[in-house]
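See structure below.
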Amino acid sequence: MIVNKGRNKKEKKIFAPKAMVFAKSQDVDCHTALILIRQIRKKPDSILTLPTGVTPIGLYQKLTEAFEQGLDFKRLKIFNLDEYWPIRKDNSSSYASYMLNNLIKKTNLKKENWQIPNGEAGDPYQEAERYDFLLKNTQPVDIAVVGIGPEKTCHIGFNEKGSTLDSRTRYVFLSGETRRANAVFFNNPEEVPKGAITQGIANILEAEKILLMAKGEVKAWGVKRALKGLINSDAPASFLRCHQNVIFILDKKAAVFL
Ligand code: F6R
């Protein structure tokens with residue numbers, strides 16, 4: 001199959017991700033947590049890429065429970081997918097605060113083993129380069145967990161429409177749709193930053209295994225577009241079909257169009 005890589009067209013193998021559909025959204029959390037817990041048990045110094053947002057909150061609760069029951073996070077390494085720019089780390093809506101409050105402070109994860117783009121960096125382009133370098137030098141990521149943007153955004157990380165298969169960590173502008181969807185995390189929609197630093201599609205696809213979590217009808221169009229539509233930059237999540245080890249973990253509302 002030919003995948004549209006922006007201006008260049010390149011032969012690329014295409015795969016069919018496994019889709020697991022659960023009756024309840026909590027089962028999406030439980031199943032994703034189970035895969036991560038098994039991975040951490042098998043390889044305590046695993047490297048994970050993790051998302052933020054509404055979808056994985058229950059996943060982080062399950063991981064916290066696993067820690068309370070004895071799972072050791074001491075050697076685990078975490079890379080976040082993205083962070084707004086500019087944003088202060090101590091802003092309660094930053095992804096840095098989200099991770100601290102939902103996972104890092106609740107387990108024995110070592111702060112030095114956790115990486116997230118710096119929303120306070122003076123130059124977002126330089127910061128993206130630094131983060132990309134760090135990722136490249138810590139490869140391979142064992143499991144990348146991603147969410148999917150709502151409605152027709154179909155983004156993964158903050159790879160909005162127009163992102164290419166070979167895109168790497170970079171500074172991006174957020175679409176109006178994404179800013180509106182993410183306004184729930186801010187006191188005032190005007191406060192949602194206009195930009196972000198995100199891992200690119202190529203970074204995400206470098207992980208050994210990828211789990212996409214999606215819940216609710218608001219994700220149903222994007223899930224179908226990603227799994228069944230054309231593989232191109234109009235729907236960045238569709239590029240996940242260029243990886244041979246991807247599982248879509250869905251509740252039945254997100255799977256309604258499959
Ligand atoms: C967040 C991220 C985004 C979200 C997506 C879904 O780190 O990378 O791609 O995963 O916007 O967000 P929620 O889960 O809030 O619907």
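Quick note on naming: the chains in the structure tokens go A, B, ... in the order shown, residues restart at 1 in each chain, and ligands are numbered from 1 in order of appearance.
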
Around ligand 1, out to 9 Å and counting only C-alpha atoms and all ligand atoms, which residues are there? I want them as number ranges by chain. A: 50-57, 80-83, 95, 145-150, 153-160, 178, 181-182, 184-185, 198-199, 212-216, 218-219

Shell of 12 Å around Arg225 of chain A, only C-alpha atoms, local chain residues under 2 positions omitted, as a PyMOL selection string: chain A and resi 148-155+219-223+227-241+254-255+257-258

Determine, counting only C-alpha atoms, which protein, DNA and RNA residues have an atom within 6 Å of an atom of segment 127-142 of chain A; residues of the same chain fewer than 3 positions away are not included. Present the result as number ranges by chain. A: 47-48, 124, 169-170, 207-208

Those same residues - N, CA, C and O atoms - I'd like them written as a compact mmCIF listing (two decimals), in the first residue's frame.
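Now in selection-v2.txt:
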# COMPACT_ATOMS: atom_id res chain seq x y z
N ILE A 47 10.52 1.22 29.73
CA ILE A 47 10.33 2.63 29.34
C ILE A 47 8.93 2.74 28.76
O ILE A 47 8.57 1.99 27.83
N LEU A 48 8.15 3.67 29.31
CA LEU A 48 6.79 3.87 28.82
C LEU A 48 6.61 5.29 28.31
O LEU A 48 7.16 6.24 28.90
N PRO A 124 10.64 27.12 22.42
CA PRO A 124 9.98 25.81 22.28
C PRO A 124 10.62 24.93 21.21
O PRO A 124 10.56 23.70 21.29
N THR A 169 9.52 14.98 17.45
CA THR A 169 9.14 15.93 18.50
C THR A 169 9.31 17.36 18.01
O THR A 169 10.37 17.71 17.47
N ARG A 170 8.27 18.17 18.18
CA ARG A 170 8.32 19.53 17.64
C ARG A 170 7.31 20.42 18.33
O ARG A 170 6.41 19.93 19.03
N ALA A 207 7.94 2.91 19.37
CA ALA A 207 7.71 2.05 20.55
C ALA A 207 7.51 0.61 20.07
O ALA A 207 7.04 0.36 18.96
N GLU A 208 7.86 -0.34 20.95
CA GLU A 208 7.70 -1.76 20.60
C GLU A 208 6.22 -2.14 20.47
O GLU A 208 5.85 -2.99 19.67

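Checking A:Cys242, A:Leu36, A:Ala66, A:Ile143 one by one against Asp166 of chain A, counting only C-alpha atoms, you find the shortest gap at A:Cys242.
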
Neighbour list for Asp27 of chain A as a PyMOL selection string, cut-off 10 Å, only C-alpha atoms, skip fewer than 5 positions in-chain: chain A and resi 21-22+32-33+58-59+249-251

How about saving the chosen residues, all heavy atoms kept, as a short mmCIF file (atom, residue, chain, number, x, y, z; two decimals), in the first residue's frame?
data_model
loop_
_atom_site.label_atom_id
_atom_site.label_comp_id
_atom_site.auth_asym_id
_atom_site.auth_seq_id
_atom_site.Cartn_x
_atom_site.Cartn_y
_atom_site.Cartn_z
N VAL A 21 -13.06 -4.46 22.60
CA VAL A 21 -14.19 -3.60 22.95
C VAL A 21 -14.78 -4.08 24.28
O VAL A 21 -15.10 -5.26 24.43
CB VAL A 21 -15.27 -3.64 21.85
CG1 VAL A 21 -16.42 -2.71 22.20
CG2 VAL A 21 -14.66 -3.26 20.50
N PHE A 22 -14.91 -3.15 25.22
CA PHE A 22 -15.43 -3.48 26.55
C PHE A 22 -16.76 -2.78 26.80
O PHE A 22 -16.98 -1.66 26.33
CB PHE A 22 -14.42 -3.07 27.62
CG PHE A 22 -13.15 -3.88 27.57
CD1 PHE A 22 -12.05 -3.42 26.86
CD2 PHE A 22 -13.08 -5.12 28.18
CE1 PHE A 22 -10.88 -4.17 26.78
CE2 PHE A 22 -11.93 -5.89 28.11
CZ PHE A 22 -10.83 -5.42 27.41
N THR A 32 -6.03 -1.89 30.15
CA THR A 32 -4.78 -1.18 29.83
C THR A 32 -3.80 -1.32 31.00
O THR A 32 -2.61 -1.60 30.80
CB THR A 32 -5.05 0.31 29.52
OG1 THR A 32 -6.17 0.40 28.63
CG2 THR A 32 -3.85 0.99 28.90
N ALA A 33 -4.33 -1.16 32.22
CA ALA A 33 -3.48 -1.27 33.41
C ALA A 33 -2.86 -2.67 33.49
O ALA A 33 -1.67 -2.81 33.78
CB ALA A 33 -4.29 -0.97 34.67
N GLY A 58 -8.54 6.97 35.00
CA GLY A 58 -8.83 5.68 35.65
C GLY A 58 -7.65 4.72 35.56
O GLY A 58 -7.41 3.92 36.47
N LEU A 59 -6.91 4.80 34.46
CA LEU A 59 -5.71 3.96 34.31
C LEU A 59 -4.70 4.31 35.41
O LEU A 59 -4.13 3.41 36.05
CB LEU A 59 -5.09 4.21 32.92
CG LEU A 59 -3.66 3.71 32.73
CD1 LEU A 59 -3.60 2.18 32.76
CD2 LEU A 59 -3.08 4.21 31.39
N ILE A 249 -8.00 -0.14 22.60
CA ILE A 249 -8.75 -0.62 23.77
C ILE A 249 -9.92 0.36 23.95
O ILE A 249 -9.72 1.53 24.29
CB ILE A 249 -7.84 -0.71 25.01
CG1 ILE A 249 -6.61 -1.58 24.68
CG2 ILE A 249 -8.60 -1.28 26.20
CD1 ILE A 249 -5.55 -1.62 25.76
N LEU A 250 -11.13 -0.13 23.67
CA LEU A 250 -12.27 0.77 23.48
C LEU A 250 -13.44 0.39 24.37
O LEU A 250 -13.63 -0.79 24.68
CB LEU A 250 -12.75 0.66 22.02
CG LEU A 250 -11.68 0.73 20.92
CD1 LEU A 250 -12.29 0.32 19.59
CD2 LEU A 250 -11.10 2.14 20.86
N ASP A 251 -14.23 1.40 24.74
CA ASP A 251 -15.53 1.03 25.31
C ASP A 251 -16.52 0.94 24.16
O ASP A 251 -16.20 1.33 23.02
CB ASP A 251 -15.96 1.98 26.43
CG ASP A 251 -16.34 3.37 25.96
OD1 ASP A 251 -16.31 3.62 24.74
OD2 ASP A 251 -16.67 4.21 26.80
#
